[in-house]
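Text of coords11.pdb, listed as PDB, C-alpha atoms and all ligand atoms:
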```
ATOM      1  CA  MET D  56      43.414 -29.397  60.265
ATOM      2  CA  HIS D  57      40.147 -27.512  59.682
ATOM      3  CA  ALA D  58      39.764 -25.890  56.243
ATOM      4  CA  GLN D  59      39.784 -22.438  57.806
ATOM      5  CA  ASP D  60      43.152 -23.074  59.484
ATOM      6  CA  ILE D  61      44.547 -24.452  56.219
ATOM      7  CA  VAL D  62      43.703 -21.288  54.285
ATOM      8  CA  THR D  63      44.983 -19.067  57.085
ATOM      9  CA  SER D  64      48.300 -20.930  56.952
ATOM     10  CA  PHE D  65      48.545 -20.099  53.218
ATOM     11  CA  ALA D  66      48.596 -16.378  54.049
ATOM     12  CA  GLU D  67      51.938 -17.043  55.735
ATOM     13  CA  SER D  68      53.161 -18.955  52.640
ATOM     14  CA  ALA D  69      52.230 -15.986  50.441
ATOM     15  CA  LYS D  70      54.037 -13.574  52.733
ATOM     16  CA  TYR D  71      57.220 -15.632  52.405
ATOM     17  CA  ILE D  72      56.914 -15.700  48.581
ATOM     18  CA  GLN D  73      56.322 -11.960  48.523
ATOM     19  CA  SER D  74      59.459 -11.408  50.599
ATOM     20  CA  ARG D  75      61.533 -13.257  47.967
ATOM     21  CA  LEU D  76      60.216 -11.236  45.000
ATOM     22  CA  LEU D  77      61.095  -7.708  44.047
ATOM     23  CA  SER D  78      57.992  -6.594  42.152
ATOM     24  CA  PRO D  79      54.828  -6.782  44.210
ATOM     25  CA  THR D  80      52.500  -6.445  41.191
ATOM     26  CA  ILE D  81      51.740  -9.646  39.306
ATOM     27  CA  ASP D  82      49.363  -9.753  36.332
ATOM     28  CA  LEU D  83      48.780 -13.458  35.978
ATOM     29  CA  ALA D  84      49.175 -16.775  37.783
ATOM     30  CA  ILE D  85      49.643 -19.888  35.651
ATOM     31  CA  VAL D  86      49.520 -23.440  36.954
ATOM     32  CA  LEU D  87      51.299 -26.055  34.868
ATOM     33  CA  GLY D  88      49.916 -29.573  34.742
ATOM     34  CA  SER D  89      51.563 -32.961  34.118
ATOM     35  CA  GLY D  90      54.343 -32.818  31.552
ATOM     36  CA  LEU D  91      53.970 -29.069  30.982
ATOM     37  CA  SER D  92      56.732 -27.730  33.219
ATOM     38  CA  ASP D  93      58.932 -26.729  30.220
ATOM     39  CA  PHE D  94      56.874 -23.568  30.086
ATOM     40  CA  THR D  95      59.165 -22.048  32.724
ATOM     41  CA  GLN D  96      61.745 -21.619  29.915
ATOM     42  CA  ILE D  97      59.765 -18.890  28.177
ATOM     43  CA  LEU D  98      59.820 -16.549  31.172
ATOM     44  CA  GLU D  99      62.297 -13.683  31.062
ATOM     45  CA  ASN D 100      64.477 -12.931  34.108
ATOM     46  CA  PRO D 101      63.148 -15.873  36.118
ATOM     47  CA  THR D 102      63.399 -16.205  39.882
ATOM     48  CA  PHE D 103      62.902 -19.742  41.195
ATOM     49  CA  ILE D 104      61.515 -20.682  44.589
ATOM     50  CA  SER D 105      61.377 -24.364  45.463
ATOM     51  CA  TYR D 106      58.064 -25.482  46.962
ATOM     52  CA  GLN D 107      60.126 -27.159  49.691
ATOM     53  CA  ASP D 108      61.283 -23.760  50.956
ATOM     54  CA  ILE D 109      57.812 -22.266  51.248
ATOM     55  CA  PRO D 110      56.235 -22.484  54.709
ATOM     56  CA  ASN D 111      53.078 -24.637  54.892
ATOM     57  CA  PHE D 112      53.454 -26.092  51.393
ATOM     58  CA  PRO D 113      52.844 -29.887  51.321
ATOM     59  CA  LYS D 114      55.940 -32.040  50.925
ATOM     60  CA  THR D 115      54.579 -34.429  48.303
ATOM     61  CA  GLN D 116      55.515 -34.709  44.620
ATOM     62  CA  VAL D 117      54.334 -36.648  41.535
ATOM     63  CA  GLU D 118      56.504 -37.832  38.603
ATOM     64  CA  GLY D 119      56.252 -35.471  35.631
ATOM     65  CA  HIS D 120      55.229 -32.530  37.785
ATOM     66  CA  GLY D 121      57.658 -29.733  38.486
ATOM     67  CA  HIS D 122      57.969 -28.623  42.067
ATOM     68  CA  GLN D 123      58.738 -24.940  42.086
ATOM     69  CA  LEU D 124      57.392 -21.476  41.783
ATOM     70  CA  VAL D 125      58.823 -19.324  39.018
ATOM     71  CA  TYR D 126      58.415 -15.586  38.873
ATOM     72  CA  GLY D 127      59.309 -13.750  35.667
ATOM     73  CA  SER D 128      57.977 -11.703  32.796
ATOM     74  CA  ILE D 129      56.709 -12.020  29.259
ATOM     75  CA  GLY D 130      57.051  -8.563  27.674
ATOM     76  CA  ASP D 131      55.637  -6.075  30.148
ATOM     77  CA  LYS D 132      53.497  -8.674  31.990
ATOM     78  CA  LYS D 133      54.572 -10.138  35.320
ATOM     79  CA  ILE D 134      53.833 -13.815  35.762
ATOM     80  CA  LEU D 135      53.835 -16.219  38.677
ATOM     81  CA  LEU D 136      54.125 -19.816  37.468
ATOM     82  CA  PHE D 137      53.248 -22.760  39.645
ATOM     83  CA  SER D 138      55.290 -25.511  38.064
ATOM     84  CA  GLY D 139      53.593 -28.529  39.573
ATOM     85  CA  ARG D 140      50.409 -28.827  41.563
ATOM     86  CA  PHE D 141      48.993 -30.858  44.420
ATOM     87  CA  HIS D 142      46.310 -33.504  43.963
ATOM     88  CA  TYR D 143      43.564 -35.009  46.046
ATOM     89  CA  TYR D 144      44.763 -38.529  45.112
ATOM     90  CA  GLN D 145      47.985 -37.825  47.013
ATOM     91  CA  GLY D 146      45.971 -37.919  50.217
ATOM     92  CA  LEU D 147      45.850 -34.175  50.789
ATOM     93  CA  PRO D 148      42.766 -32.336  52.049
ATOM     94  CA  ILE D 149      40.722 -30.908  49.169
ATOM     95  CA  THR D 150      41.256 -27.360  50.491
ATOM     96  CA  THR D 151      45.046 -27.835  50.336
ATOM     97  CA  VAL D 152      44.831 -28.922  46.702
ATOM     98  CA  ALA D 153      43.645 -25.393  45.844
ATOM     99  CA  ILE D 154      46.862 -23.852  47.207
ATOM    100  CA  PRO D 155      47.852 -21.997  43.983
ATOM    101  CA  ALA D 156      44.503 -20.171  44.033
ATOM    102  CA  TRP D 157      44.980 -19.134  47.671
ATOM    103  CA  ILE D 158      48.535 -17.916  47.086
ATOM    104  CA  SER D 159      47.340 -15.942  44.044
ATOM    105  CA  TYR D 160      44.574 -14.402  46.141
ATOM    106  CA  TYR D 161      46.866 -13.378  48.973
ATOM    107  CA  MET D 162      49.252 -11.884  46.399
ATOM    108  CA  ASN D 163      46.434  -9.892  44.748
ATOM    109  CA  ILE D 164      46.834 -11.557  41.346
ATOM    110  CA  PRO D 165      43.771 -10.751  39.198
ATOM    111  CA  ARG D 166      43.924 -13.583  36.627
ATOM    112  CA  TYR D 167      44.341 -17.326  37.059
ATOM    113  CA  VAL D 168      45.179 -19.773  34.264
ATOM    114  CA  ALA D 169      45.108 -23.518  34.931
ATOM    115  CA  THR D 170      46.550 -26.052  32.501
ATOM    116  CA  ASN D 171      46.224 -29.795  32.824
ATOM    117  CA  ALA D 172      46.362 -33.170  31.158
ATOM    118  CA  ALA D 173      42.950 -34.706  30.581
ATOM    119  CA  GLY D 174      41.314 -37.783  29.144
ATOM    120  CA  GLY D 175      39.187 -37.271  26.034
ATOM    121  CA  VAL D 176      35.674 -38.518  26.749
ATOM    122  CA  ASN D 177      34.116 -36.917  23.681
ATOM    123  CA  VAL D 178      34.634 -39.334  20.772
ATOM    124  CA  ASN D 179      35.608 -36.451  18.469
ATOM    125  CA  TYR D 180      38.578 -35.479  20.628
ATOM    126  CA  GLN D 181      42.071 -36.552  19.629
ATOM    127  CA  VAL D 182      45.310 -37.060  21.501
ATOM    128  CA  GLY D 183      47.266 -33.785  21.444
ATOM    129  CA  ASP D 184      44.195 -31.522  21.149
ATOM    130  CA  LEU D 185      44.548 -28.309  23.093
ATOM    131  CA  THR D 186      41.098 -27.562  24.486
ATOM    132  CA  LEU D 187      39.475 -24.829  26.529
ATOM    133  CA  ILE D 188      37.405 -25.770  29.530
ATOM    134  CA  LYS D 189      34.129 -23.891  29.264
ATOM    135  CA  ASP D 190      32.348 -25.552  32.173
ATOM    136  CA  HIS D 191      32.786 -28.369  34.644
ATOM    137  CA  ILE D 192      30.961 -31.153  36.436
ATOM    138  CA  ASN D 193      32.028 -32.040  39.956
ATOM    139  CA  PRO D 194      30.237 -35.215  41.048
ATOM    140  CA  THR D 195      32.753 -36.041  43.800
ATOM    141  CA  GLY D 196      30.983 -34.433  46.741
ATOM    142  CA  LEU D 197      34.302 -32.709  47.500
ATOM    143  CA  ASN D 198      34.422 -28.952  47.766
ATOM    144  CA  PRO D 199      37.595 -26.974  48.519
ATOM    145  CA  LEU D 200      35.561 -24.139  50.050
ATOM    146  CA  ARG D 201      33.654 -26.254  52.546
ATOM    147  CA  GLY D 202      34.135 -24.725  55.970
ATOM    148  CA  VAL D 203      35.972 -21.653  54.686
ATOM    149  CA  GLN D 204      34.772 -18.200  55.718
ATOM    150  CA  LEU D 205      36.552 -14.921  54.996
ATOM    151  CA  ASP D 206      35.710 -11.734  56.887
ATOM    152  CA  ASN D 207      34.392 -10.001  53.778
ATOM    153  CA  TRP D 208      32.049 -12.855  52.744
ATOM    154  CA  GLN D 209      28.428 -12.353  53.662
ATOM    155  CA  ASN D 210      27.688 -16.022  53.041
ATOM    156  CA  PRO D 211      29.433 -19.061  51.533
ATOM    157  CA  PHE D 212      27.357 -19.193  48.329
ATOM    158  CA  PHE D 213      28.453 -18.041  44.878
ATOM    159  CA  ASP D 214      27.418 -17.999  41.244
ATOM    160  CA  THR D 215      29.355 -20.149  38.758
ATOM    161  CA  SER D 216      27.688 -19.273  35.442
ATOM    162  CA  ASN D 217      30.806 -17.464  34.149
ATOM    163  CA  LEU D 218      33.412 -19.372  36.166
ATOM    164  CA  TYR D 219      35.532 -19.998  33.049
ATOM    165  CA  ASN D 220      35.590 -16.365  31.985
ATOM    166  CA  GLU D 221      33.980 -15.930  28.576
ATOM    167  CA  ARG D 222      36.022 -12.868  27.625
ATOM    168  CA  LEU D 223      39.305 -14.599  28.406
ATOM    169  CA  ARG D 224      38.188 -17.614  26.404
ATOM    170  CA  GLU D 225      37.253 -15.468  23.439
ATOM    171  CA  SER D 226      40.556 -13.633  23.528
ATOM    172  CA  ILE D 227      42.638 -16.803  23.541
ATOM    173  CA  LEU D 228      40.497 -18.376  20.808
ATOM    174  CA  LYS D 229      41.322 -15.403  18.582
ATOM    175  CA  VAL D 230      45.037 -15.900  19.172
ATOM    176  CA  ALA D 231      44.722 -19.607  18.345
ATOM    177  CA  ILE D 232      42.938 -18.788  15.079
ATOM    178  CA  ALA D 233      45.663 -16.258  14.215
ATOM    179  CA  GLN D 234      48.190 -19.050  14.794
ATOM    180  CA  GLY D 235      46.312 -21.347  12.425
ATOM    181  CA  PHE D 236      44.447 -23.745  14.668
ATOM    182  CA  SER D 237      41.069 -23.963  16.322
ATOM    183  CA  MET D 238      40.451 -24.942  19.913
ATOM    184  CA  LYS D 239      37.537 -27.035  21.051
ATOM    185  CA  GLN D 240      35.648 -25.875  24.110
ATOM    186  CA  GLY D 241      34.430 -28.602  26.403
ATOM    187  CA  THR D 242      32.926 -29.554  29.722
ATOM    188  CA  SER D 243      35.382 -31.212  32.050
ATOM    189  CA  CYS D 244      34.473 -33.674  34.766
ATOM    190  CA  PHE D 245      36.584 -33.751  37.928
ATOM    191  CA  LEU D 246      37.124 -37.184  39.460
ATOM    192  CA  PRO D 247      39.439 -37.898  42.389
ATOM    193  CA  GLY D 248      41.587 -40.651  40.844
ATOM    194  CA  PRO D 249      44.113 -42.175  41.124
ATOM    195  CA  ASN D 250      42.539 -44.747  38.783
ATOM    196  CA  PHE D 251      41.814 -43.834  35.195
ATOM    197  CA  GLU D 252      38.154 -44.340  34.391
ATOM    198  CA  THR D 253      36.459 -47.668  33.831
ATOM    199  CA  PRO D 254      34.579 -48.191  30.530
ATOM    200  CA  ALA D 255      31.291 -47.912  32.443
ATOM    201  CA  GLU D 256      32.379 -44.647  34.020
ATOM    202  CA  ILE D 257      33.293 -43.255  30.605
ATOM    203  CA  GLU D 258      29.815 -44.127  29.330
ATOM    204  CA  MET D 259      28.325 -42.416  32.390
ATOM    205  CA  LEU D 260      30.423 -39.299  31.743
ATOM    206  CA  ARG D 261      29.298 -39.214  28.119
ATOM    207  CA  THR D 262      25.679 -39.440  29.237
ATOM    208  CA  LEU D 263      26.281 -36.567  31.652
ATOM    209  CA  GLY D 264      27.619 -34.389  28.839
ATOM    210  CA  ALA D 265      31.308 -34.376  29.773
ATOM    211  CA  ASP D 266      33.916 -33.976  27.029
ATOM    212  CA  LEU D 267      36.999 -34.264  29.228
ATOM    213  CA  VAL D 268      37.932 -35.940  32.490
ATOM    214  CA  GLY D 269      40.723 -35.028  34.870
ATOM    215  CA  MET D 270      42.013 -35.380  38.424
ATOM    216  CA  SER D 271      42.846 -31.729  39.084
ATOM    217  CA  THR D 272      41.998 -28.099  38.299
ATOM    218  CA  VAL D 273      38.378 -27.901  39.489
ATOM    219  CA  PRO D 274      39.283 -27.416  43.196
ATOM    220  CA  GLU D 275      41.585 -24.563  42.135
ATOM    221  CA  THR D 276      39.285 -22.903  39.617
ATOM    222  CA  LEU D 277      36.309 -22.990  42.009
ATOM    223  CA  THR D 278      38.464 -21.357  44.669
ATOM    224  CA  ALA D 279      40.013 -18.771  42.342
ATOM    225  CA  HIS D 280      36.556 -17.780  41.090
ATOM    226  CA  LYS D 281      35.123 -17.462  44.582
ATOM    227  CA  LEU D 282      38.147 -15.328  45.499
ATOM    228  CA  GLY D 283      37.366 -12.903  42.667
ATOM    229  CA  MET D 284      39.921 -13.854  40.019
ATOM    230  CA  LYS D 285      39.221 -14.146  36.292
ATOM    231  CA  VAL D 286      39.749 -17.796  35.436
ATOM    232  CA  LEU D 287      40.848 -19.564  32.263
ATOM    233  CA  ALA D 288      41.534 -23.307  32.047
ATOM    234  CA  MET D 289      43.022 -25.403  29.274
ATOM    235  CA  SER D 290      43.499 -29.128  28.848
ATOM    236  CA  VAL D 291      45.853 -31.120  26.699
ATOM    237  CA  VAL D 292      44.039 -34.294  25.656
ATOM    238  CA  THR D 293      46.546 -37.003  26.523
ATOM    239  CA  ASN D 294      44.467 -40.100  25.907
ATOM    240  CA  VAL D 295      41.101 -40.862  24.378
ATOM    241  CA  TYR D 296      38.570 -43.485  25.293
ATOM    242  CA  PRO D 297      37.090 -45.833  22.691
ATOM    243  CA  LYS D 298      33.435 -45.810  21.717
ATOM    244  CA  LYS D 299      31.175 -48.201  23.589
ATOM    245  CA  ASN D 300      31.933 -51.865  22.817
ATOM    246  CA  GLU D 301      34.997 -50.971  20.747
ATOM    247  CA  SER D 302      38.398 -51.914  22.026
ATOM    248  CA  GLY D 303      41.080 -49.333  22.713
ATOM    249  CA  GLN D 304      44.482 -48.964  24.251
ATOM    250  CA  GLN D 305      45.074 -49.001  27.981
ATOM    251  CA  VAL D 306      45.851 -45.668  29.633
ATOM    252  CA  SER D 307      49.169 -45.080  31.400
ATOM    253  CA  HIS D 308      50.873 -42.141  33.116
ATOM    254  CA  GLN D 309      53.759 -42.510  30.631
ATOM    255  CA  GLU D 310      51.367 -41.989  27.723
ATOM    256  CA  VAL D 311      49.950 -38.917  29.470
ATOM    257  CA  LEU D 312      53.429 -37.407  29.890
ATOM    258  CA  GLU D 313      54.431 -38.146  26.276
ATOM    259  CA  ALA D 314      51.309 -36.503  24.874
ATOM    260  CA  THR D 315      51.719 -33.352  26.965
ATOM    261  CA  THR D 316      55.358 -33.032  25.963
ATOM    262  CA  LEU D 317      54.297 -33.107  22.302
ATOM    263  CA  ALA D 318      51.534 -30.540  22.789
ATOM    264  CA  SER D 319      53.510 -28.275  25.073
ATOM    265  CA  LYS D 320      55.192 -26.334  22.261
ATOM    266  CA  LYS D 321      51.812 -25.368  20.840
ATOM    267  CA  LEU D 322      50.693 -24.301  24.287
ATOM    268  CA  HIS D 323      53.828 -22.189  24.825
ATOM    269  CA  THR D 324      53.409 -20.262  21.576
ATOM    270  CA  LEU D 325      49.734 -19.733  22.214
ATOM    271  CA  MET D 326      50.235 -18.486  25.756
ATOM    272  CA  LYS D 327      53.154 -16.273  24.845
ATOM    273  CA  ASP D 328      51.205 -14.424  22.122
ATOM    274  CA  TRP D 329      48.065 -14.226  24.240
ATOM    275  CA  ILE D 330      49.947 -12.729  27.193
ATOM    276  CA  THR D 331      51.796 -10.266  24.978
ATOM    277  CA  LEU D 332      48.676  -9.138  23.119
ATOM    278  CA  TRP D 333      45.928  -8.896  25.725
TER     279      TRP D 333
HETATM  280  N1  LIG D 401      41.367 -39.553  33.387
HETATM  281  C1  LIG D 401      41.598 -38.730  34.428
HETATM  282  N2  LIG D 401      42.629 -37.907  34.463
HETATM  283  C2  LIG D 401      43.468 -37.884  33.401
HETATM  284  C3  LIG D 401      43.260 -38.702  32.288
HETATM  285  C4  LIG D 401      42.152 -39.574  32.287
HETATM  286  O1  LIG D 401      41.920 -40.337  31.338
HETATM  287  N3  LIG D 401      44.259 -38.448  31.412
HETATM  288  C5  LIG D 401      45.032 -37.487  31.969
HETATM  289  N4  LIG D 401      44.557 -37.137  33.179
END
```

Could you spell out this file's structure in structure tokens?
Amino acid sequence: MHAQDIVTSFAESAKYIQSRLLSPTIDLAIVLGSGLSDFTQILENPTFISYQDIPNFPKTQVEGHGHQLVYGSIGDKKILLFSGRFHYYQGLPITTVAIPAWISYYMNIPRYVATNAAGGVNVNYQVGDLTLIKDHINPTGLNPLRGVQLDNWQNPFFDTSNLYNERLRESILKVAIAQGFSMKQGTSCFLPGPNFETPAEIEMLRTLGADLVGMSTVPETLTAHKLGMKVLAMSVVTNVYPKKNESGQQVSHQEVLEATTLASKKLHTLMKDWITLW
């Protein structure tokens, strides 16, 4: 299917979701990455919609990823949670991978928060660190907006200098400090996976200035930004890579899930206070 037809089909998905929810106004969309789906528990008065029931949603699933949409509130804020996302390594078109951003756009949601599990490329990063993404590198040649044209776009081009919204980052950093921890801010590199990186690739990423590496998020955040949303993205560092010529442990999906489970409590408290206070 052409990218344009894919995004048009998501308008129908959004219409279905809208028909299942009572309140049409939503303040924030949050996408939960690997091992982070427990977050659904902190929403008040939740309504659950299985991805399987939503028209035009892909039918694929990955271990450790939830597979449902949860609508609920935190204080007076209305939240739409995507518990589980879709990945390029699953064989889906890159435009499809950005589905949470498209649904948020069609539902007029003004803010978009992406969370994910990431590898620590920066040698100062530690397993369990909760980091903010301040910028990204996308060397894949893949772009979720290739071939997409909306009626109100004069051209396909767009600025990315404040893609990871500085104000949102500053506001969440303040909450973290109030809770007694500091958050690193790093540059994340998007690679398609499904392999974890080779030692040579890690050295290349370090040379390029990347601090983190992941297999998701960038297709969504690029799309959400182009569609006019304010974007924030956070990574849980689930594994770190050794320095050049030093030996380190092998990376596994199990390790990734264990690390996110440990860090998820910290993320919940942070997000809850941030959402309540902003
Ligand atoms: N590489 C890519 N994606 C990841 C990693 C990694 O090391 N860890 C968690 N997601």

Work out how far apart CA of Arg75 in chain D and CA of Tyr161 in chain D are and give it in Å to one decimal.
14.7 Å

Counting only C-alpha atoms and all ligand atoms, the residue of D:Ile149, D:Val176, D:Leu325, D:Leu83 that sits nearest ligand LIG 401 (chain D)
D:Val176

Skipping near chain neighbours, those fewer than 3 positions away, what residues fall within 12 Å of Thr324 in chain D using only C-alpha atoms, listed as an mmCIF file with C-alpha atoms, keeping the file's coordinate frame?
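Final output, saved to around00.cif:
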```cif
data_model
loop_
_atom_site.group_PDB
_atom_site.id
_atom_site.type_symbol
_atom_site.label_atom_id
_atom_site.label_comp_id
_atom_site.auth_asym_id
_atom_site.auth_seq_id
_atom_site.Cartn_x
_atom_site.Cartn_y
_atom_site.Cartn_z
ATOM 1 C CA PHE D 94 56.874 -23.568 30.086
ATOM 2 C CA GLN D 96 61.745 -21.619 29.915
ATOM 3 C CA ILE D 97 59.765 -18.890 28.177
ATOM 4 C CA ILE D 129 56.709 -12.020 29.259
ATOM 5 C CA ILE D 227 42.638 -16.803 23.541
ATOM 6 C CA VAL D 230 45.037 -15.900 19.172
ATOM 7 C CA ALA D 231 44.722 -19.607 18.345
ATOM 8 C CA ALA D 233 45.663 -16.258 14.215
ATOM 9 C CA GLN D 234 48.190 -19.050 14.794
ATOM 10 C CA GLY D 235 46.312 -21.347 12.425
ATOM 11 C CA PHE D 236 44.447 -23.745 14.668
ATOM 12 C CA ALA D 318 51.534 -30.540 22.789
ATOM 13 C CA SER D 319 53.510 -28.275 25.073
ATOM 14 C CA LYS D 320 55.192 -26.334 22.261
ATOM 15 C CA LYS D 321 51.812 -25.368 20.840
ATOM 16 C CA LYS D 327 53.154 -16.273 24.845
ATOM 17 C CA ASP D 328 51.205 -14.424 22.122
ATOM 18 C CA TRP D 329 48.065 -14.226 24.240
ATOM 19 C CA ILE D 330 49.947 -12.729 27.193
ATOM 20 C CA THR D 331 51.796 -10.266 24.978
#
```

Do you know which residues lie at most 7 Å from (51.9, -27.0, 33.4), with coordinates as in the file and all atoms listed in the file counted, and could you write them as number ranges by chain?
D: 86-92, 94, 138-139, 170-171

In Å to one decimal, how far is CA of Pro101 in chain D from CA of Ser128 in chain D?
7.4 Å
